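Below: upload-v4.txt (compact mmCIF, N, CA and C atoms)
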```txt
# COMPACT_ATOMS: atom_id res chain seq x y z
N MET A 618 126.67 118.22 105.07
CA MET A 618 126.05 116.92 105.03
C MET A 618 127.14 115.87 104.89
N ASN A 619 127.00 114.81 105.63
CA ASN A 619 127.93 113.69 105.54
C ASN A 619 127.47 112.79 104.40
N THR A 620 128.20 112.76 103.30
CA THR A 620 127.77 111.99 102.12
C THR A 620 127.81 110.49 102.37
N THR A 621 128.71 110.05 103.25
CA THR A 621 128.76 108.62 103.58
C THR A 621 127.46 108.20 104.26
N THR A 622 127.00 109.00 105.21
CA THR A 622 125.75 108.71 105.90
C THR A 622 124.58 108.79 104.94
N ALA A 623 124.55 109.80 104.08
CA ALA A 623 123.46 109.95 103.11
C ALA A 623 123.42 108.75 102.17
N THR A 624 124.59 108.31 101.70
CA THR A 624 124.65 107.15 100.80
C THR A 624 124.20 105.89 101.53
N THR A 625 124.65 105.71 102.75
CA THR A 625 124.26 104.55 103.56
C THR A 625 122.76 104.56 103.80
N ASP A 626 122.20 105.73 104.13
CA ASP A 626 120.75 105.85 104.35
C ASP A 626 119.98 105.53 103.08
N ALA A 627 120.43 106.03 101.94
CA ALA A 627 119.76 105.77 100.66
C ALA A 627 119.81 104.28 100.31
N LEU A 628 120.94 103.64 100.55
CA LEU A 628 121.06 102.20 100.29
C LEU A 628 120.16 101.40 101.21
N ALA A 629 120.11 101.80 102.47
CA ALA A 629 119.24 101.11 103.43
C ALA A 629 117.77 101.28 103.03
N ARG A 630 117.39 102.48 102.63
CA ARG A 630 116.01 102.74 102.21
C ARG A 630 115.66 101.92 100.98
N SER A 631 116.58 101.85 100.03
CA SER A 631 116.37 101.06 98.82
C SER A 631 116.21 99.58 99.17
N ALA A 632 117.03 99.07 100.07
CA ALA A 632 116.94 97.67 100.50
C ALA A 632 115.61 97.42 101.21
N ASP A 633 115.17 98.37 102.02
CA ASP A 633 113.88 98.22 102.71
C ASP A 633 112.73 98.20 101.71
N LEU A 634 112.77 99.08 100.71
CA LEU A 634 111.72 99.10 99.69
C LEU A 634 111.67 97.77 98.93
N GLN A 635 112.84 97.24 98.61
CA GLN A 635 112.88 95.95 97.92
C GLN A 635 112.32 94.83 98.81
N ALA A 636 112.64 94.87 100.08
CA ALA A 636 112.12 93.86 101.02
C ALA A 636 110.60 93.97 101.15
N ILE A 637 110.08 95.18 101.19
CA ILE A 637 108.63 95.39 101.27
C ILE A 637 107.97 94.90 99.99
N GLU A 638 108.58 95.17 98.84
CA GLU A 638 108.05 94.64 97.57
C GLU A 638 108.01 93.12 97.59
N ARG A 639 109.01 92.49 98.20
CA ARG A 639 109.02 91.02 98.30
C ARG A 639 107.88 90.53 99.19
N VAL A 640 107.55 91.27 100.24
CA VAL A 640 106.41 90.89 101.08
C VAL A 640 105.13 90.91 100.25
N ILE A 641 104.92 91.97 99.47
CA ILE A 641 103.73 92.05 98.62
C ILE A 641 103.73 90.91 97.61
N ALA A 642 104.87 90.60 97.02
CA ALA A 642 104.97 89.49 96.07
C ALA A 642 104.67 88.16 96.75
N THR A 643 105.09 88.01 98.00
CA THR A 643 104.83 86.77 98.73
C THR A 643 103.36 86.66 99.10
N ILE A 644 102.72 87.77 99.41
CA ILE A 644 101.27 87.75 99.64
C ILE A 644 100.58 87.19 98.39
N GLU A 645 100.94 87.73 97.25
CA GLU A 645 100.35 87.27 95.99
C GLU A 645 100.67 85.78 95.76
N HIS A 646 101.92 85.41 95.88
CA HIS A 646 102.34 84.03 95.63
C HIS A 646 101.60 83.05 96.56
N SER A 647 101.52 83.40 97.82
CA SER A 647 100.88 82.49 98.78
C SER A 647 99.39 82.35 98.52
N GLN A 648 98.75 83.41 98.05
CA GLN A 648 97.33 83.32 97.75
C GLN A 648 97.09 82.59 96.43
N VAL A 649 97.83 82.92 95.40
CA VAL A 649 97.67 82.27 94.10
C VAL A 649 97.88 80.76 94.23
N ASN A 650 98.87 80.39 95.04
CA ASN A 650 99.21 78.97 95.18
C ASN A 650 98.58 78.32 96.40
N GLU A 651 97.70 79.07 97.07
CA GLU A 651 96.95 78.57 98.23
C GLU A 651 97.88 77.96 99.27
N LEU A 652 98.84 78.77 99.72
CA LEU A 652 99.85 78.34 100.69
C LEU A 652 99.65 79.11 102.00
N PRO A 653 98.73 78.66 102.84
CA PRO A 653 98.43 79.42 104.05
C PRO A 653 99.64 79.63 104.97
N ASP A 654 100.50 78.63 105.11
CA ASP A 654 101.64 78.80 106.01
C ASP A 654 102.64 79.83 105.50
N GLU A 655 102.81 79.89 104.18
CA GLU A 655 103.67 80.92 103.60
C GLU A 655 103.08 82.30 103.89
N PHE A 656 101.76 82.44 103.70
CA PHE A 656 101.07 83.70 103.98
C PHE A 656 101.23 84.08 105.45
N LEU A 657 101.00 83.13 106.33
CA LEU A 657 101.05 83.41 107.77
C LEU A 657 102.45 83.75 108.25
N SER A 658 103.48 83.30 107.55
CA SER A 658 104.85 83.61 107.94
C SER A 658 105.18 85.09 107.81
N LEU A 659 104.30 85.84 107.16
CA LEU A 659 104.52 87.27 106.94
C LEU A 659 104.04 88.14 108.10
N PHE A 660 103.35 87.55 109.09
CA PHE A 660 102.71 88.30 110.17
C PHE A 660 103.51 88.26 111.46
N ARG A 661 103.43 89.34 112.23
CA ARG A 661 103.87 89.32 113.62
C ARG A 661 102.87 88.48 114.41
N SER A 662 103.30 87.94 115.52
CA SER A 662 102.41 87.09 116.32
C SER A 662 101.24 87.88 116.90
N ASP A 663 101.41 89.17 117.12
CA ASP A 663 100.34 90.00 117.70
C ASP A 663 99.63 90.86 116.66
N ALA A 664 99.74 90.49 115.41
CA ALA A 664 99.17 91.29 114.32
C ALA A 664 97.65 91.37 114.41
N ILE A 665 97.12 92.41 113.80
CA ILE A 665 95.67 92.51 113.61
C ILE A 665 95.41 92.61 112.11
N TRP A 666 94.24 92.10 111.70
CA TRP A 666 93.88 92.05 110.29
C TRP A 666 92.38 92.30 110.19
N THR A 667 91.99 93.22 109.34
CA THR A 667 90.58 93.39 109.02
C THR A 667 90.43 92.99 107.56
N THR A 668 89.58 92.00 107.33
CA THR A 668 89.38 91.48 105.98
C THR A 668 88.62 92.49 105.12
N ALA A 669 88.56 92.22 103.83
CA ALA A 669 87.86 93.10 102.90
C ALA A 669 86.37 93.20 103.22
N HIS A 670 85.87 92.24 103.97
CA HIS A 670 84.45 92.26 104.34
C HIS A 670 84.24 92.69 105.79
N GLY A 671 85.28 93.27 106.41
CA GLY A 671 85.16 93.88 107.72
C GLY A 671 85.33 92.96 108.91
N LYS A 672 85.76 91.74 108.71
CA LYS A 672 85.96 90.82 109.84
C LYS A 672 87.31 91.15 110.49
N LEU A 673 87.28 91.42 111.80
CA LEU A 673 88.48 91.73 112.55
C LEU A 673 89.09 90.44 113.09
N LEU A 674 90.36 90.24 112.81
CA LEU A 674 91.11 89.09 113.30
C LEU A 674 92.25 89.63 114.15
N THR A 675 92.37 89.14 115.38
CA THR A 675 93.35 89.65 116.32
C THR A 675 94.32 88.54 116.71
N GLY A 676 95.58 88.74 116.41
CA GLY A 676 96.62 87.78 116.75
C GLY A 676 96.77 86.70 115.70
N LEU A 677 97.96 86.14 115.64
CA LEU A 677 98.29 85.17 114.61
C LEU A 677 97.40 83.93 114.68
N GLU A 678 97.01 83.52 115.87
CA GLU A 678 96.16 82.33 116.00
C GLU A 678 94.82 82.53 115.29
N GLU A 679 94.19 83.68 115.48
CA GLU A 679 92.91 83.97 114.81
C GLU A 679 93.10 84.14 113.31
N ILE A 680 94.17 84.83 112.92
CA ILE A 680 94.46 85.01 111.50
C ILE A 680 94.70 83.66 110.85
N ALA A 681 95.42 82.79 111.54
CA ALA A 681 95.72 81.45 111.01
C ALA A 681 94.45 80.62 110.86
N ALA A 682 93.58 80.65 111.85
CA ALA A 682 92.33 79.87 111.77
C ALA A 682 91.51 80.31 110.57
N PHE A 683 91.38 81.61 110.37
CA PHE A 683 90.63 82.16 109.23
C PHE A 683 91.31 81.77 107.92
N THR A 684 92.62 81.92 107.85
CA THR A 684 93.37 81.65 106.61
C THR A 684 93.30 80.17 106.23
N HIS A 685 93.46 79.30 107.21
CA HIS A 685 93.42 77.85 106.92
C HIS A 685 92.02 77.41 106.49
N LYS A 686 91.02 78.18 106.88
CA LYS A 686 89.64 77.86 106.48
C LYS A 686 89.31 78.46 105.11
N SER A 687 89.81 79.66 104.83
CA SER A 687 89.38 80.37 103.62
C SER A 687 90.32 80.24 102.43
N LEU A 688 91.61 80.06 102.65
CA LEU A 688 92.54 80.07 101.52
C LEU A 688 92.50 78.80 100.68
N PRO A 689 92.53 77.61 101.29
CA PRO A 689 92.47 76.41 100.43
C PRO A 689 91.17 76.40 99.60
N GLY A 690 91.32 76.33 98.30
CA GLY A 690 90.16 76.34 97.40
C GLY A 690 89.77 77.72 96.92
N ALA A 691 90.34 78.76 97.50
CA ALA A 691 89.96 80.13 97.14
C ALA A 691 90.32 80.48 95.70
N MET A 692 91.32 79.85 95.16
CA MET A 692 91.78 80.18 93.81
C MET A 692 91.35 79.13 92.78
N ALA A 693 90.37 78.31 93.11
CA ALA A 693 89.92 77.26 92.20
C ALA A 693 89.39 77.82 90.88
N ASN A 694 88.81 79.02 90.92
CA ASN A 694 88.21 79.60 89.72
C ASN A 694 88.92 80.86 89.24
N GLY A 695 90.13 81.09 89.74
CA GLY A 695 90.82 82.30 89.32
C GLY A 695 92.15 82.48 90.00
N SER A 696 92.53 83.73 90.09
CA SER A 696 93.84 84.09 90.64
C SER A 696 93.71 85.48 91.26
N VAL A 697 94.82 86.02 91.69
CA VAL A 697 94.84 87.37 92.24
C VAL A 697 96.18 88.00 91.92
N ARG A 698 96.16 89.31 91.79
CA ARG A 698 97.38 90.07 91.51
C ARG A 698 97.44 91.22 92.51
N TYR A 699 98.63 91.46 93.06
CA TYR A 699 98.85 92.59 93.97
C TYR A 699 99.95 93.47 93.42
N GLU A 700 99.79 94.76 93.64
CA GLU A 700 100.76 95.74 93.16
C GLU A 700 101.05 96.73 94.28
N LEU A 701 102.32 96.99 94.52
CA LEU A 701 102.71 97.99 95.50
C LEU A 701 102.41 99.38 94.93
N VAL A 702 101.71 100.20 95.71
CA VAL A 702 101.32 101.53 95.26
C VAL A 702 102.19 102.61 95.90
N ASP A 703 102.38 102.52 97.22
CA ASP A 703 103.10 103.58 97.92
C ASP A 703 103.61 103.05 99.26
N VAL A 704 104.69 103.64 99.74
CA VAL A 704 105.25 103.31 101.05
C VAL A 704 105.54 104.62 101.77
N LEU A 705 105.04 104.73 102.98
CA LEU A 705 105.34 105.87 103.85
C LEU A 705 106.09 105.33 105.05
N PHE A 706 107.37 105.71 105.17
CA PHE A 706 108.14 105.28 106.33
C PHE A 706 107.78 106.19 107.49
N ILE A 707 107.13 105.64 108.47
CA ILE A 707 106.73 106.39 109.67
C ILE A 707 107.95 106.57 110.56
N ARG A 708 108.73 105.52 110.66
CA ARG A 708 110.05 105.48 111.30
C ARG A 708 110.90 104.56 110.43
N PRO A 709 112.19 104.48 110.65
CA PRO A 709 113.00 103.58 109.83
C PRO A 709 112.56 102.12 109.91
N ASP A 710 111.88 101.74 111.00
CA ASP A 710 111.47 100.36 111.19
C ASP A 710 109.95 100.16 111.14
N VAL A 711 109.21 101.17 110.72
CA VAL A 711 107.75 101.09 110.61
C VAL A 711 107.32 101.78 109.32
N ALA A 712 106.50 101.07 108.52
CA ALA A 712 106.06 101.65 107.26
C ALA A 712 104.57 101.39 107.04
N ALA A 713 103.89 102.39 106.51
CA ALA A 713 102.51 102.23 106.03
C ALA A 713 102.64 101.92 104.54
N VAL A 714 102.08 100.78 104.14
CA VAL A 714 102.27 100.28 102.78
C VAL A 714 100.91 100.15 102.10
N LYS A 715 100.75 100.86 101.02
CA LYS A 715 99.50 100.82 100.25
C LYS A 715 99.71 99.93 99.04
N ALA A 716 98.74 99.05 98.83
CA ALA A 716 98.80 98.14 97.68
C ALA A 716 97.47 98.19 96.94
N ARG A 717 97.45 97.55 95.80
CA ARG A 717 96.23 97.40 95.01
C ARG A 717 96.12 95.91 94.69
N GLY A 718 94.94 95.36 94.89
CA GLY A 718 94.71 93.96 94.58
C GLY A 718 93.59 93.82 93.56
N GLN A 719 93.68 92.76 92.76
CA GLN A 719 92.62 92.50 91.79
C GLN A 719 92.49 90.99 91.61
N TYR A 720 91.28 90.49 91.83
CA TYR A 720 91.01 89.08 91.55
C TYR A 720 90.84 88.93 90.05
N LEU A 721 91.26 87.77 89.54
CA LEU A 721 91.28 87.52 88.10
C LEU A 721 90.58 86.21 87.79
N THR A 722 90.01 86.13 86.60
CA THR A 722 89.43 84.87 86.13
C THR A 722 90.58 83.93 85.76
N LEU A 723 90.24 82.69 85.43
CA LEU A 723 91.27 81.75 84.99
C LEU A 723 91.96 82.22 83.72
N ASP A 724 91.27 83.08 82.94
CA ASP A 724 91.85 83.66 81.72
C ASP A 724 92.65 84.93 81.99
N GLY A 725 92.75 85.33 83.25
CA GLY A 725 93.52 86.51 83.61
C GLY A 725 92.79 87.83 83.50
N GLU A 726 91.46 87.77 83.29
CA GLU A 726 90.66 89.00 83.21
C GLU A 726 90.22 89.43 84.61
N PRO A 727 90.17 90.73 84.87
CA PRO A 727 89.70 91.20 86.18
C PRO A 727 88.28 90.73 86.46
N THR A 728 88.04 90.36 87.70
CA THR A 728 86.70 89.97 88.13
C THR A 728 86.42 90.57 89.50
N GLY A 729 85.22 91.01 89.70
CA GLY A 729 84.87 91.62 90.99
C GLY A 729 85.53 92.97 91.15
N ASN A 730 85.29 93.55 92.30
CA ASN A 730 85.86 94.86 92.60
C ASN A 730 87.32 94.70 93.02
N PRO A 731 88.16 95.68 92.67
CA PRO A 731 89.54 95.63 93.16
C PRO A 731 89.56 95.83 94.68
N THR A 732 90.68 95.50 95.28
CA THR A 732 90.85 95.75 96.70
C THR A 732 91.95 96.78 96.90
N SER A 733 91.91 97.42 98.06
CA SER A 733 92.86 98.48 98.38
C SER A 733 93.44 98.23 99.76
N PRO A 734 94.35 97.26 99.88
CA PRO A 734 94.91 96.94 101.19
C PRO A 734 95.85 98.04 101.71
N LEU A 735 95.83 98.20 103.02
CA LEU A 735 96.80 99.02 103.73
C LEU A 735 97.46 98.13 104.76
N TYR A 736 98.78 98.01 104.65
CA TYR A 736 99.54 97.19 105.58
C TYR A 736 100.47 98.11 106.38
N VAL A 737 100.40 98.04 107.68
CA VAL A 737 101.41 98.68 108.52
C VAL A 737 102.40 97.57 108.84
N MET A 738 103.64 97.77 108.39
CA MET A 738 104.68 96.77 108.58
C MET A 738 105.72 97.26 109.57
N ALA A 739 106.25 96.32 110.34
CA ALA A 739 107.33 96.62 111.27
C ALA A 739 108.54 95.76 110.90
N LYS A 740 109.70 96.35 110.98
CA LYS A 740 110.93 95.63 110.68
C LYS A 740 111.48 95.07 111.98
N GLU A 741 111.57 93.75 112.03
CA GLU A 741 112.06 93.07 113.23
C GLU A 741 113.08 92.02 112.83
N ASP A 742 114.23 92.08 113.46
CA ASP A 742 115.31 91.14 113.15
C ASP A 742 115.59 91.10 111.64
N GLY A 743 115.52 92.26 111.00
CA GLY A 743 115.84 92.37 109.59
C GLY A 743 114.71 92.00 108.63
N ARG A 744 113.54 91.60 109.16
CA ARG A 744 112.40 91.20 108.32
C ARG A 744 111.26 92.19 108.47
N TRP A 745 110.63 92.53 107.36
CA TRP A 745 109.42 93.35 107.39
C TRP A 745 108.23 92.42 107.59
N LEU A 746 107.45 92.67 108.65
CA LEU A 746 106.32 91.82 109.01
C LEU A 746 105.02 92.61 109.01
N LEU A 747 103.95 91.97 108.58
CA LEU A 747 102.62 92.57 108.62
C LEU A 747 102.19 92.71 110.07
N THR A 748 101.76 93.91 110.45
CA THR A 748 101.47 94.21 111.85
C THR A 748 100.02 94.63 112.07
N ALA A 749 99.59 95.67 111.38
CA ALA A 749 98.20 96.15 111.47
C ALA A 749 97.73 96.36 110.04
N ASN A 750 96.68 95.63 109.64
CA ASN A 750 96.36 95.54 108.22
C ASN A 750 94.86 95.61 107.99
N GLN A 751 94.49 96.22 106.90
CA GLN A 751 93.09 96.25 106.49
C GLN A 751 93.02 96.14 104.99
N ASN A 752 92.19 95.22 104.52
CA ASN A 752 91.97 95.06 103.09
C ASN A 752 90.56 95.57 102.80
N THR A 753 90.44 96.57 101.98
CA THR A 753 89.17 97.21 101.70
C THR A 753 88.76 96.97 100.26
N GLU A 754 87.55 96.50 100.05
CA GLU A 754 87.03 96.35 98.70
C GLU A 754 86.71 97.75 98.16
N GLN A 755 87.11 98.01 96.92
CA GLN A 755 86.80 99.28 96.28
C GLN A 755 85.50 99.15 95.53
N LEU A 756 84.51 99.89 95.94
CA LEU A 756 83.23 99.87 95.25
C LEU A 756 83.27 100.78 94.03
N PRO A 757 82.51 100.48 93.00
CA PRO A 757 82.50 101.36 91.82
C PRO A 757 82.00 102.75 92.18
N GLU A 758 82.52 103.73 91.50
CA GLU A 758 82.08 105.12 91.77
C GLU A 758 80.76 105.40 91.10
```
Entire entry expressed as structure tokens:
Amino acid sequence: MNTTTATTDALARSADLQAIERVIATIEHSQVNELPDEFLSLFRSDAIWTTAHGKLLTGLEEIAAFTHKSLPGAMANGSVRYELVDVLFIRPDVAAVKARGQYLTLDGEPTGNPTSPLYVMAKEDGRWLLTANQNTEQLPE
């Protein structure tokens, strides 16, 4: 085994994981602060998105129209928290990213059902971008 290559690969993987964590943190930040353009900057132009309520949005233009309509005012009565759960690298430049979301009251208490987003991200020009995504509401068992 070439230890230089192994070390380089491990460092690259660590940097990719940190970059993916920053994407999840930016999703949270943009939603908490109702910043649709910050949120939209995370998507590829040809991305697809299925909302937690099953609405399919195809392409950045459709995602943007929905986001600009739904995000402003969405956090008037609370907040949201996202947590990275798992990352599966399908290829070095493609990852399936599992997260956990929870809406919160103004006091920081959980409200409503948690969400279970799955983001397929692609690395392009050094940036991890949301490509094929679905946010699923978790119903109580």
In terms of only C-alpha atoms, the residue from A:Glu741, A:Asp710, A:Glu726, A:Asp626 at minimal distance from Phe660 (chain A) is A:Glu741
ask   = Hey, what does DSSP flag as alpha helix (DSSP H) within chain A? Can you give it to me as number ranges by chain?
value = A: 620-649, 653-657, 676-687
So that I can check the surroundings of region 689-701 of chain A, please list as number ranges by chain every protein, DNA and RNA residue that reaches within 5 Å of it, counting all atoms listed in the file and ignoring chain neighbours fewer than 6 positions away. A: 715-723
Requested in this report: Identify, on the basis of only N, CA and C atoms, every residue whose closest approach to Leu652 (chain A) does not exceed 8 Å; exclude the query and any residue fewer than 4 positions from it along the same chain; express the result as an NGL selection string.
Outcome: :A and (646-648 or 656-658 or 684 or 688-689)
Quiz prompt | Using all atoms listed in the file: which of A:Glu638, A:Gly676, A:Lys686, A:Phe706 has the shortest distance to Ser662 (chain A) | solution =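 Residue with the minimum atom-to-atom distance to Ser662 (chain A): A:Gly676.
A straight line drawn from CA of Val702 (chain A) to CA of Glu754 (chain A) is 15.6 Å long.
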CA of Thr728 (chain A) to CA of Thr753 (chain A) measures 15.6 Å
Would you compute an axis-aligned box for region 733-748 of chain A, covering every atom listed for it in the file with 3 Å of margin on each side, and report centre and edge lengths in Å to one decimal as JSON?
```
{"center_x": 103.9, "center_y": 95.1, "center_z": 105.8, "size_x": 29.9, "size_y": 13.9, "size_z": 21.4}
```
ask   = Which residues in chain A does DSSP call strand (DSSP E or B)? List them as a ChimeraX atom specification.
value = /A:660-667,673-675,695-708,711-722,727,732,735-741,744-751,754
Pull out region 668-689 of chain A, keep N, CA and C atoms, and write it as a CSV table (one decimal), in the first residue's frame.
```csv
chain,number,residue,atom,x,y,z
A,668,THR,N,-40.5,17.8,-1.7
A,668,THR,CA,-40.7,18.4,-0.3
A,668,THR,C,-41.2,17.3,0.6
A,669,ALA,N,-41.2,17.7,1.9
A,669,ALA,CA,-41.7,16.8,2.9
A,669,ALA,C,-43.2,16.4,2.7
A,670,HIS,N,-43.9,17.2,1.9
A,670,HIS,CA,-45.3,16.9,1.6
A,670,HIS,C,-45.5,16.3,0.2
A,671,GLY,N,-44.4,15.9,-0.4
A,671,GLY,CA,-44.5,15.2,-1.7
A,671,GLY,C,-44.5,16.0,-2.9
A,672,LYS,N,-44.3,17.3,-2.8
A,672,LYS,CA,-44.3,18.1,-4.0
A,672,LYS,C,-43.0,18.0,-4.7
A,673,LEU,N,-43.0,17.6,-6.0
A,673,LEU,CA,-41.8,17.5,-6.8
A,673,LEU,C,-41.5,18.8,-7.5
A,674,LEU,N,-40.3,19.3,-7.3
A,674,LEU,CA,-39.8,20.5,-7.9
A,674,LEU,C,-38.6,20.1,-8.8
A,675,THR,N,-38.6,20.5,-10.0
A,675,THR,CA,-37.6,20.1,-11.0
A,675,THR,C,-36.9,21.3,-11.5
A,676,GLY,N,-35.6,21.4,-11.3
A,676,GLY,CA,-34.8,22.5,-11.8
A,676,GLY,C,-34.8,23.7,-10.8
A,677,LEU,N,-33.7,24.4,-10.9
A,677,LEU,CA,-33.5,25.5,-9.9
A,677,LEU,C,-34.6,26.6,-10.0
A,678,GLU,N,-35.1,26.8,-11.2
A,678,GLU,CA,-36.2,27.8,-11.3
A,678,GLU,C,-37.4,27.4,-10.5
A,679,GLU,N,-37.8,26.2,-10.6
A,679,GLU,CA,-39.0,25.7,-9.9
A,679,GLU,C,-38.7,25.7,-8.4
A,680,ILE,N,-37.5,25.2,-8.0
A,680,ILE,CA,-37.1,25.2,-6.6
A,680,ILE,C,-37.1,26.6,-6.0
A,681,ALA,N,-36.6,27.6,-6.8
A,681,ALA,CA,-36.5,29.0,-6.4
A,681,ALA,C,-37.9,29.6,-6.2
A,682,ALA,N,-38.8,29.3,-7.2
A,682,ALA,CA,-40.2,29.9,-7.1
A,682,ALA,C,-40.8,29.4,-5.8
A,683,PHE,N,-40.7,28.1,-5.5
A,683,PHE,CA,-41.3,27.5,-4.3
A,683,PHE,C,-40.6,28.1,-3.0
A,684,THR,N,-39.3,28.2,-3.0
A,684,THR,CA,-38.6,28.7,-1.9
A,684,THR,C,-38.9,30.2,-1.6
A,685,HIS,N,-38.9,31.0,-2.6
A,685,HIS,CA,-39.2,32.4,-2.4
A,685,HIS,C,-40.7,32.6,-1.9
A,686,LYS,N,-41.5,31.7,-2.2
A,686,LYS,CA,-42.9,31.8,-1.7
A,686,LYS,C,-43.1,31.2,-0.3
A,687,SER,N,-42.3,30.2,0.0
A,687,SER,CA,-42.6,29.5,1.3
A,687,SER,C,-41.6,29.9,2.4
A,688,LEU,N,-40.4,30.2,2.1
A,688,LEU,CA,-39.4,30.5,3.2
A,688,LEU,C,-39.6,31.8,3.9
A,689,PRO,N,-39.9,32.9,3.2
A,689,PRO,CA,-40.1,34.1,4.0
A,689,PRO,C,-41.3,34.0,4.9
```
